[in-house]
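The next block is query.csv, given as CSV, C-alpha atoms.
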```csv
chain,number,residue,atom,x,y,z
A,1352,LEU,CA,-13.9,-3.6,-8.6
A,1353,LYS,CA,-14.9,-3.0,-5.0
A,1354,VAL,CA,-11.6,-2.5,-3.1
A,1355,GLY,CA,-11.5,-4.5,0.1
A,1356,CYS,CA,-14.0,-7.4,-0.5
A,1357,GLY,CA,-15.9,-6.0,2.4
A,1358,ASN,CA,-13.1,-6.9,4.8
A,1359,ARG,CA,-12.3,-4.6,7.7
A,1360,LEU,CA,-9.2,-3.9,9.6
A,1361,THR,CA,-10.4,-2.7,13.0
A,1362,VAL,CA,-7.7,-1.1,15.1
A,1363,LYS,CA,-8.2,-1.9,18.8
A,1364,GLY,CA,-6.3,-0.9,21.9
A,1365,VAL,CA,-3.9,2.0,22.5
A,1366,ALA,CA,-1.8,2.7,19.5
A,1367,HIS,CA,1.4,3.0,21.4
A,1368,ASP,CA,0.8,0.2,23.8
A,1369,TYR,CA,2.2,-3.1,22.4
A,1370,PRO,CA,0.6,-5.5,21.8
A,1371,ALA,CA,-2.6,-3.6,20.8
A,1372,LYS,CA,-4.7,-5.6,18.3
A,1373,ALA,CA,-6.2,-5.1,14.9
A,1374,LEU,CA,-9.1,-7.2,13.5
A,1375,LEU,CA,-9.5,-8.1,9.9
A,1376,LYS,CA,-13.1,-9.0,8.9
A,1377,GLU,CA,-13.2,-11.6,6.1
A,1378,SER,CA,-16.0,-11.9,3.5
A,1379,VAL,CA,-16.9,-14.2,0.6
A,1380,GLU,CA,-17.8,-11.7,-2.0
A,1381,VAL,CA,-16.7,-12.2,-5.6
A,1382,GLU,CA,-15.0,-9.3,-7.4
A,1383,GLU,CA,-13.9,-8.7,-11.0
A,1384,GLU,CA,-10.6,-7.5,-12.1
A,1385,GLU,CA,-9.3,-7.0,-15.7
A,1386,GLY,CA,-7.9,-10.4,-16.7
A,1387,GLY,CA,-10.3,-12.5,-14.8
A,1388,LEU,CA,-12.5,-13.1,-11.8
A,1389,PHE,CA,-11.2,-13.8,-8.3
A,1390,GLY,CA,-13.3,-15.0,-5.4
A,1391,GLY,CA,-13.1,-13.9,-1.8
A,1392,VAL,CA,-12.3,-16.9,0.3
A,1393,THR,CA,-12.6,-16.8,4.1
A,1394,ALA,CA,-9.1,-17.3,5.5
A,1395,ALA,CA,-8.5,-20.6,7.3
A,1396,ASN,CA,-7.9,-20.2,11.1
A,1397,ALA,CA,-10.2,-17.2,11.2
A,1398,THR,CA,-12.7,-17.3,14.1
A,1399,ASP,CA,-16.2,-16.1,13.1
A,1400,GLY,CA,-14.5,-14.4,10.1
A,1401,VAL,CA,-12.1,-12.4,12.3
A,1402,VAL,CA,-8.3,-12.5,12.0
A,1403,GLU,CA,-5.8,-10.5,14.2
A,1404,ALA,CA,-2.8,-8.3,13.5
A,1405,VAL,CA,-0.5,-7.3,16.4
A,1406,TYR,CA,1.0,-3.9,16.9
A,1407,GLY,CA,4.7,-3.6,16.1
A,1408,THR,CA,7.3,-2.7,13.5
A,1409,PRO,CA,9.1,-5.5,11.7
A,1410,VAL,CA,12.3,-5.2,9.7
A,1411,LEU,CA,11.6,-6.0,6.1
A,1412,ASP,CA,14.4,-8.0,4.6
A,1413,GLY,CA,12.7,-11.0,3.0
A,1414,ASP,CA,13.7,-13.7,5.6
A,1415,ALA,CA,10.6,-13.4,7.9
A,1416,ALA,CA,12.9,-13.8,10.9
A,1417,ASP,CA,11.9,-10.7,12.8
A,1418,ALA,CA,10.6,-11.6,16.2
A,1419,ILE,CA,7.4,-9.6,15.8
A,1420,TRP,CA,6.1,-12.1,13.2
A,1421,ALA,CA,6.2,-14.9,15.8
A,1422,ASP,CA,3.5,-12.9,17.7
A,1423,ALA,CA,1.2,-12.6,14.7
A,1424,THR,CA,-1.2,-15.4,13.8
A,1425,ALA,CA,-0.9,-16.9,10.3
A,1426,TYR,CA,-4.0,-17.1,8.2
A,1427,THR,CA,-4.1,-19.3,5.1
A,1428,VAL,CA,-5.3,-18.1,1.7
A,1429,GLY,CA,-5.8,-20.8,-1.0
A,1430,SER,CA,-5.3,-24.5,-0.6
A,1431,GLY,CA,-3.3,-27.5,-1.8
A,1432,GLU,CA,0.0,-26.9,-3.6
A,1433,ASN,CA,-0.8,-23.2,-4.1
A,1434,LYS,CA,-1.6,-21.4,-0.9
A,1435,GLY,CA,-0.1,-18.7,1.3
A,1436,ASP,CA,0.1,-18.0,5.0
A,1437,PHE,CA,-0.4,-14.3,5.7
A,1438,LYS,CA,0.4,-12.3,8.8
A,1439,MET,CA,-0.3,-8.7,9.5
A,1440,VAL,CA,1.3,-6.1,11.8
A,1441,TRP,CA,0.6,-2.4,12.1
A,1442,ASP,CA,2.0,0.8,13.6
A,1443,ASP,CA,1.4,4.5,13.4
A,1444,ASN,CA,3.3,4.6,10.1
A,1445,ALA,CA,2.3,1.6,8.1
A,1446,LEU,CA,0.5,-1.7,7.6
A,1447,TYR,CA,3.0,-4.6,7.3
A,1448,ILE,CA,2.2,-7.9,5.5
A,1449,LEU,CA,4.1,-11.1,5.6
A,1450,ALA,CA,3.2,-13.8,3.0
A,1451,VAL,CA,4.8,-17.2,2.9
A,1452,VAL,CA,3.5,-18.8,-0.3
A,1453,ASP,CA,3.7,-22.4,-1.5
A,1454,ASP,CA,4.3,-22.6,-5.2
A,1455,ALA,CA,6.8,-25.1,-6.8
A,1456,ASN,CA,6.3,-23.7,-10.3
A,1457,LEU,CA,7.5,-20.1,-10.2
A,1458,ASP,CA,6.8,-18.1,-13.3
A,1459,THR,CA,7.1,-14.5,-14.3
A,1460,SER,CA,7.0,-14.9,-18.1
A,1461,GLY,CA,3.5,-13.4,-18.4
A,1462,ALA,CA,3.3,-10.2,-20.4
A,1463,ASN,CA,0.8,-8.7,-17.9
A,1464,VAL,CA,2.0,-8.1,-14.3
A,1465,TYR,CA,-1.1,-9.9,-12.9
A,1466,GLU,CA,0.0,-13.0,-14.8
A,1467,GLN,CA,3.2,-13.4,-12.8
A,1468,ASP,CA,3.5,-15.4,-9.5
A,1469,GLY,CA,3.1,-12.9,-6.7
A,1470,ILE,CA,0.7,-11.2,-4.4
A,1471,GLU,CA,-1.7,-8.3,-4.6
A,1472,ILE,CA,-2.8,-6.0,-1.7
A,1473,PHE,CA,-5.9,-3.8,-1.6
A,1474,VAL,CA,-6.5,-1.2,1.1
A,1475,ASP,CA,-9.4,1.2,1.5
A,1476,GLU,CA,-8.2,3.5,4.2
A,1477,LEU,CA,-11.5,5.2,4.8
A,1478,ASN,CA,-13.5,2.0,4.4
A,1479,ASN,CA,-16.1,3.8,2.2
A,1480,LYS,CA,-16.3,1.0,-0.3
A,1481,SER,CA,-16.1,3.1,-3.4
A,1482,THR,CA,-17.2,1.5,-6.6
A,1483,SER,CA,-14.1,3.0,-8.3
A,1484,TYR,CA,-10.7,3.9,-7.0
A,1485,ALA,CA,-10.6,7.0,-4.9
A,1486,SER,CA,-7.7,8.9,-3.2
A,1487,ASP,CA,-7.9,6.6,-0.1
A,1488,ASP,CA,-7.8,3.4,-2.1
A,1489,VAL,CA,-4.7,1.5,-3.1
A,1490,HIS,CA,-4.1,-1.7,-5.2
A,1491,TYR,CA,-0.5,-2.8,-5.1
A,1492,ARG,CA,1.2,-5.9,-6.5
A,1493,VAL,CA,4.6,-7.6,-6.3
A,1494,ASN,CA,5.9,-10.7,-8.0
A,1495,TYR,CA,8.3,-13.2,-6.4
A,1496,GLU,CA,11.3,-11.5,-8.0
A,1497,ASN,CA,10.4,-8.3,-6.1
A,1498,GLU,CA,9.1,-6.4,-9.1
A,1499,ARG,CA,6.4,-4.0,-7.9
A,1500,SER,CA,3.5,-2.5,-9.8
A,1501,THR,CA,0.7,-0.2,-8.9
A,1502,ASP,CA,-2.9,-0.1,-10.1
A,1503,ALA,CA,-4.0,2.6,-7.7
A,1504,GLY,CA,-2.3,4.6,-5.0
A,1505,GLN,CA,1.1,6.3,-4.7
A,1506,THR,CA,3.9,3.9,-5.7
A,1507,PRO,CA,6.5,5.4,-3.2
A,1508,LEU,CA,4.2,4.3,-0.3
A,1509,TRP,CA,4.6,0.7,-1.2
A,1510,TYR,CA,7.8,-1.2,-0.2
A,1511,THR,CA,8.6,-4.9,-0.5
A,1512,LYS,CA,11.3,-7.4,-0.1
A,1513,THR,CA,11.0,-11.0,-1.5
A,1514,ALA,CA,13.0,-14.2,-1.4
A,1515,VAL,CA,12.6,-17.6,-3.0
A,1516,ARG,CA,12.0,-20.6,-0.7
A,1517,TYR,CA,13.9,-23.8,-1.4
A,1518,ALA,CA,13.6,-27.4,-0.4
A,1519,GLU,CA,16.2,-29.0,1.8
A,1520,ASP,CA,18.5,-29.7,-1.2
A,1521,GLY,CA,18.9,-25.9,-1.5
A,1522,THR,CA,18.2,-25.8,-5.2
A,1523,THR,CA,14.5,-26.9,-5.7
A,1524,PRO,CA,12.1,-24.0,-5.4
A,1525,ILE,CA,9.1,-24.6,-3.2
A,1526,GLY,CA,7.6,-21.1,-3.0
A,1527,TYR,CA,8.5,-17.6,-1.9
A,1528,VAL,CA,8.4,-15.1,0.9
A,1529,VAL,CA,7.1,-11.5,0.7
A,1530,GLU,CA,7.6,-8.9,3.4
A,1531,ALA,CA,5.7,-5.7,2.5
A,1532,CYS,CA,4.5,-2.4,3.9
A,1533,PHE,CA,2.0,0.1,2.9
A,1534,GLN,CA,2.5,3.5,4.5
A,1535,TRP,CA,-0.7,5.2,5.7
A,1536,ASN,CA,-1.7,7.9,3.2
A,1537,GLU,CA,-4.6,9.2,5.4
A,1538,ALA,CA,-4.2,9.8,9.1
A,1539,ALA,CA,-2.6,7.1,11.1
A,1540,PRO,CA,-5.2,4.7,12.6
A,1541,GLN,CA,-6.6,5.4,16.0
A,1542,ASN,CA,-8.6,3.2,18.3
A,1543,ASP,CA,-11.5,1.6,16.6
A,1544,THR,CA,-10.5,2.8,13.1
A,1545,VAL,CA,-11.9,0.6,10.4
A,1546,VAL,CA,-9.9,0.1,7.2
A,1547,GLY,CA,-10.9,-2.0,4.2
A,1548,PHE,CA,-8.3,-4.7,3.3
A,1549,ASP,CA,-7.9,-7.7,1.0
A,1550,ALA,CA,-5.0,-9.8,-0.2
A,1551,GLN,CA,-4.7,-12.1,-3.2
A,1552,ILE,CA,-2.2,-14.6,-4.6
A,1553,ASN,CA,-1.5,-14.8,-8.3
A,1554,VAL,CA,-0.8,-18.5,-9.3
A,1555,CYS,CA,0.7,-18.5,-12.8
A,1556,SER,CA,2.2,-21.0,-15.3
A,1557,GLY,CA,3.3,-20.7,-18.9
A,1558,GLY,CA,2.7,-17.0,-19.0
A,1559,GLY,CA,-0.9,-17.1,-17.8
A,1560,ARG,CA,-2.7,-16.9,-14.5
A,1561,GLN,CA,-4.1,-20.2,-13.4
A,1562,GLY,CA,-5.8,-19.0,-10.3
A,1563,SER,CA,-6.0,-16.1,-7.8
A,1564,PRO,CA,-7.3,-17.0,-4.4
A,1565,CYS,CA,-8.0,-14.1,-2.0
```
Could the structure of this file be written out as structure tokens, please?
Amino acid sequence: LKVGCGNRLTVKGVAHDYPAKALLKESVEVEEEEGGLFGGVTAANATDGVVEAVYGTPVLDGDAADAIWADATAYTVGSGENKGDFKMVWDDNALYILAVVDDANLDTSGANVYEQDGIEIFVDELNNKSTSYASDDVHYRVNYENERSTDAGQTPLWYTKTAVRYAEDGTTPIGYVVEACFQWNEAAPQNDTVVGFDAQINVCSGGGRQGSPC
């Protein structure tokens, strides 16, 4: 497993001068994880493979209502009935992720944590593309019921809040929201810092993973 799929989060601008920008480089590499293969899919809305994250600090409460998210561009991972719109924000303390996922068949019955509806986040802080997990690499996961798990990294540095999304009738699930943050383990990013990053959606049904776009 090569953490980051070759993606890059390039911090631009002055770190304390909102709205400084960060750039995430997408790739189309395919990587292998225990339990199956998942392919790197270039995010929709990316221009020349580049997506942006604005500088700021959102409140993580699962409702995605914080004003800072309105300043961040949404990038789509997956397609059809199982896709997610991801936004990213960063500050001196952490990288923040908002995922609004479409999934009408929510399932956490799988015995393995990667076989439950949710998202996974990979960060390679030093962007050294190690072939195995190193001290600067993290692989975090959270299902739609806000149950977190860690494959690499320090669990206390990973915080999430989730909420189920419902149709207008208020009872029919149509997906879920994840607000998450990963606290920098290495030094806080400075101008032109490059950080490896990738995100994945686990699409599950009947206790098994049906797909995992990233």
(request) Considering all atoms listed in the file, state which residue in the set A:Arg1492, A:Asn1444, A:Lys1438, A:Lys1512 is at the smallest distance from A:Asn1463. (result)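 Smallest distance to A:Asn1463 is found for A:Arg1492.
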(request) Please check which residues have atoms at most 9 Å from (9.2, -8.8, 12.4) in the file's coordinates, counting only C-alpha atoms, and write them as a count of residues only. (result) 15
(request) Choose the residue, out of A:Ala1425, A:Ala1455, A:Ala1531, A:Cys1555, that has the smallest atom-to-atom separation from A:Arg1499; count all atoms listed in the file. (result)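 When distances to A:Arg1499 are compared using all atoms listed in the file, the smallest one comes from A:Ala1531.
For the pair atom CA of A:Asp1412 and atom CA of A:Tyr1495, the interatomic distance is 13.6 Å.
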(message) From the options A:Thr1501, A:Thr1482, A:Gln1467, A:Thr1511, which residue's atoms come nearest to A:Cys1532, counting only C-alpha atoms?
(response)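 With only C-alpha atoms as the atom set, the closest residue is A:Thr1511.
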(message) Here's a test: counting all atoms listed in the file, identify every protein, DNA and RNA residue with an atom at most 7 Å from (-3.4, -1.6, -7.9) in the file's coordinate frame, and state them as a ChimeraX atom specification.
(response) /A:1489-1492,1501-1504
(message) Counting only C-alpha atoms, which residue out of A:Asp1458, A:Asp1549, A:Asp1468, A:Glu1496 sits closest to A:Phe1437?
(response)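 Ranked by minimum distance to A:Phe1437, first place goes to A:Asp1549.
Taking all atoms listed in the file into account, A:Pro1540 lies nearest to A:Asn1478 out of the set A:Ser1556, A:Thr1427, A:Asn1478, A:Thr1459.
Between A:Asn1494 and the residues A:Trp1509, A:Ile1552, A:Val1546, A:Lys1480, the shortest atom-to-atom distance, using all atoms listed in the file, involves A:Ile1552.
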(message) Between atom CA of A:Thr1513 and atom CA of A:Gly1413, what is the distance in Å, rounded to a tenth?
(response)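 Computing the Euclidean distance for atom CA of A:Thr1513 and atom CA of A:Gly1413 yields 4.8 Å.
From atom CA of A:Met1439 back to atom CA of A:Ile1472, the distance works out to 11.8 Å.
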Kindly write stretch 1514-1526 of chain A with all heavy atoms to a file, as a PDB file, in the first residue's frame.
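The result, written out as out09.pdb:
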```pdb
ATOM      1  N   ALA A1514     -23.365  12.289  10.813  1.00  0.00           N
ATOM      2  CA  ALA A1514     -24.819  12.397  10.903  1.00  0.00           C
ATOM      3  C   ALA A1514     -25.433  11.754   9.663  1.00  0.00           C
ATOM      4  O   ALA A1514     -24.880  11.867   8.563  1.00  0.00           O
ATOM      5  CB  ALA A1514     -25.256  13.854  11.004  1.00  0.00           C
ATOM      6  N   VAL A1515     -26.548  11.075   9.851  1.00  0.00           N
ATOM      7  CA  VAL A1515     -27.272  10.481   8.728  1.00  0.00           C
ATOM      8  C   VAL A1515     -28.062  11.568   8.017  1.00  0.00           C
ATOM      9  O   VAL A1515     -28.640  12.458   8.657  1.00  0.00           O
ATOM     10  CB  VAL A1515     -28.220   9.362   9.215  1.00  0.00           C
ATOM     11  CG1 VAL A1515     -29.065   8.813   8.068  1.00  0.00           C
ATOM     12  CG2 VAL A1515     -27.421   8.233   9.862  1.00  0.00           C
ATOM     13  N   ARG A1516     -28.082  11.528   6.704  1.00  0.00           N
ATOM     14  CA  ARG A1516     -28.899  12.439   5.889  1.00  0.00           C
ATOM     15  C   ARG A1516     -30.202  11.737   5.529  1.00  0.00           C
ATOM     16  O   ARG A1516     -30.214  10.557   5.193  1.00  0.00           O
ATOM     17  CB  ARG A1516     -28.147  12.830   4.613  1.00  0.00           C
ATOM     18  CG  ARG A1516     -26.830  13.530   4.875  1.00  0.00           C
ATOM     19  CD  ARG A1516     -25.992  13.641   3.611  1.00  0.00           C
ATOM     20  NE  ARG A1516     -26.746  14.234   2.529  1.00  0.00           N
ATOM     21  CZ  ARG A1516     -26.790  13.737   1.287  1.00  0.00           C
ATOM     22  NH1 ARG A1516     -26.147  12.622   0.992  1.00  0.00           N
ATOM     23  NH2 ARG A1516     -27.492  14.343   0.364  1.00  0.00           N
ATOM     24  N   TYR A1517     -31.311  12.491   5.599  1.00  0.00           N
ATOM     25  CA  TYR A1517     -32.622  11.920   5.329  1.00  0.00           C
ATOM     26  C   TYR A1517     -33.309  12.656   4.184  1.00  0.00           C
ATOM     27  O   TYR A1517     -33.042  13.840   3.924  1.00  0.00           O
ATOM     28  CB  TYR A1517     -33.509  11.998   6.578  1.00  0.00           C
ATOM     29  CG  TYR A1517     -33.038  11.118   7.713  1.00  0.00           C
ATOM     30  CD1 TYR A1517     -32.244  11.647   8.735  1.00  0.00           C
ATOM     31  CD2 TYR A1517     -33.372   9.774   7.753  1.00  0.00           C
ATOM     32  CE1 TYR A1517     -31.799  10.836   9.779  1.00  0.00           C
ATOM     33  CE2 TYR A1517     -32.936   8.961   8.799  1.00  0.00           C
ATOM     34  CZ  TYR A1517     -32.152   9.499   9.798  1.00  0.00           C
ATOM     35  OH  TYR A1517     -31.705   8.708  10.824  1.00  0.00           O
ATOM     36  N   ALA A1518     -34.226  11.936   3.524  1.00  0.00           N
ATOM     37  CA  ALA A1518     -35.065  12.542   2.488  1.00  0.00           C
ATOM     38  C   ALA A1518     -36.032  13.525   3.139  1.00  0.00           C
ATOM     39  O   ALA A1518     -36.091  13.660   4.367  1.00  0.00           O
ATOM     40  CB  ALA A1518     -35.822  11.454   1.730  1.00  0.00           C
ATOM     41  N   GLU A1519     -36.813  14.216   2.315  1.00  0.00           N
ATOM     42  CA  GLU A1519     -37.733  15.239   2.823  1.00  0.00           C
ATOM     43  C   GLU A1519     -38.744  14.674   3.812  1.00  0.00           C
ATOM     44  O   GLU A1519     -39.278  15.415   4.639  1.00  0.00           O
ATOM     45  CB  GLU A1519     -38.452  15.909   1.652  1.00  0.00           C
ATOM     46  CG  GLU A1519     -37.535  16.764   0.787  1.00  0.00           C
ATOM     47  CD  GLU A1519     -38.284  17.479  -0.310  1.00  0.00           C
ATOM     48  OE1 GLU A1519     -39.531  17.321  -0.378  1.00  0.00           O
ATOM     49  OE2 GLU A1519     -37.654  18.202  -1.099  1.00  0.00           O
ATOM     50  N   ASP A1520     -39.012  13.354   3.745  1.00  0.00           N
ATOM     51  CA  ASP A1520     -39.969  12.777   4.698  1.00  0.00           C
ATOM     52  C   ASP A1520     -39.393  12.654   6.096  1.00  0.00           C
ATOM     53  O   ASP A1520     -40.105  12.353   7.058  1.00  0.00           O
ATOM     54  CB  ASP A1520     -40.474  11.415   4.207  1.00  0.00           C
ATOM     55  CG  ASP A1520     -39.362  10.375   4.071  1.00  0.00           C
ATOM     56  OD1 ASP A1520     -38.249  10.600   4.579  1.00  0.00           O
ATOM     57  OD2 ASP A1520     -39.612   9.325   3.449  1.00  0.00           O
ATOM     58  N   GLY A1521     -38.081  12.881   6.229  1.00  0.00           N
ATOM     59  CA  GLY A1521     -37.454  12.853   7.541  1.00  0.00           C
ATOM     60  C   GLY A1521     -37.163  11.474   8.088  1.00  0.00           C
ATOM     61  O   GLY A1521     -36.630  11.353   9.206  1.00  0.00           O
ATOM     62  N   THR A1522     -37.499  10.416   7.345  1.00  0.00           N
ATOM     63  CA  THR A1522     -37.311   9.059   7.855  1.00  0.00           C
ATOM     64  C   THR A1522     -36.510   8.166   6.904  1.00  0.00           C
ATOM     65  O   THR A1522     -35.956   7.162   7.338  1.00  0.00           O
ATOM     66  CB  THR A1522     -38.665   8.381   8.118  1.00  0.00           C
ATOM     67  OG1 THR A1522     -39.422   8.334   6.898  1.00  0.00           O
ATOM     68  CG2 THR A1522     -39.450   9.142   9.176  1.00  0.00           C
ATOM     69  N   THR A1523     -36.452   8.504   5.634  1.00  0.00           N
ATOM     70  CA  THR A1523     -35.768   7.673   4.645  1.00  0.00           C
ATOM     71  C   THR A1523     -34.317   8.098   4.499  1.00  0.00           C
ATOM     72  O   THR A1523     -34.043   9.220   4.057  1.00  0.00           O
ATOM     73  CB  THR A1523     -36.458   7.765   3.271  1.00  0.00           C
ATOM     74  OG1 THR A1523     -37.836   7.403   3.406  1.00  0.00           O
ATOM     75  CG2 THR A1523     -35.776   6.845   2.262  1.00  0.00           C
ATOM     76  N   PRO A1524     -33.365   7.243   4.862  1.00  0.00           N
ATOM     77  CA  PRO A1524     -31.953   7.624   4.740  1.00  0.00           C
ATOM     78  C   PRO A1524     -31.542   7.777   3.278  1.00  0.00           C
ATOM     79  O   PRO A1524     -31.943   6.977   2.422  1.00  0.00           O
ATOM     80  CB  PRO A1524     -31.206   6.452   5.393  1.00  0.00           C
ATOM     81  CG  PRO A1524     -32.225   5.739   6.212  1.00  0.00           C
ATOM     82  CD  PRO A1524     -33.519   5.911   5.489  1.00  0.00           C
ATOM     83  N   ILE A1525     -30.741   8.788   3.003  1.00  0.00           N
ATOM     84  CA  ILE A1525     -30.222   8.987   1.649  1.00  0.00           C
ATOM     85  C   ILE A1525     -28.693   9.102   1.653  1.00  0.00           C
ATOM     86  O   ILE A1525     -28.081   9.255   0.594  1.00  0.00           O
ATOM     87  CB  ILE A1525     -30.828  10.241   0.988  1.00  0.00           C
ATOM     88  CG1 ILE A1525     -30.512  11.493   1.823  1.00  0.00           C
ATOM     89  CG2 ILE A1525     -32.323  10.078   0.786  1.00  0.00           C
ATOM     90  CD1 ILE A1525     -30.919  12.791   1.136  1.00  0.00           C
ATOM     91  N   GLY A1526     -28.089   9.008   2.827  1.00  0.00           N
ATOM     92  CA  GLY A1526     -26.637   9.115   2.898  1.00  0.00           C
ATOM     93  C   GLY A1526     -26.199   9.585   4.269  1.00  0.00           C
ATOM     94  O   GLY A1526     -26.920   9.435   5.263  1.00  0.00           O
TER      95      GLY A1526
END
```
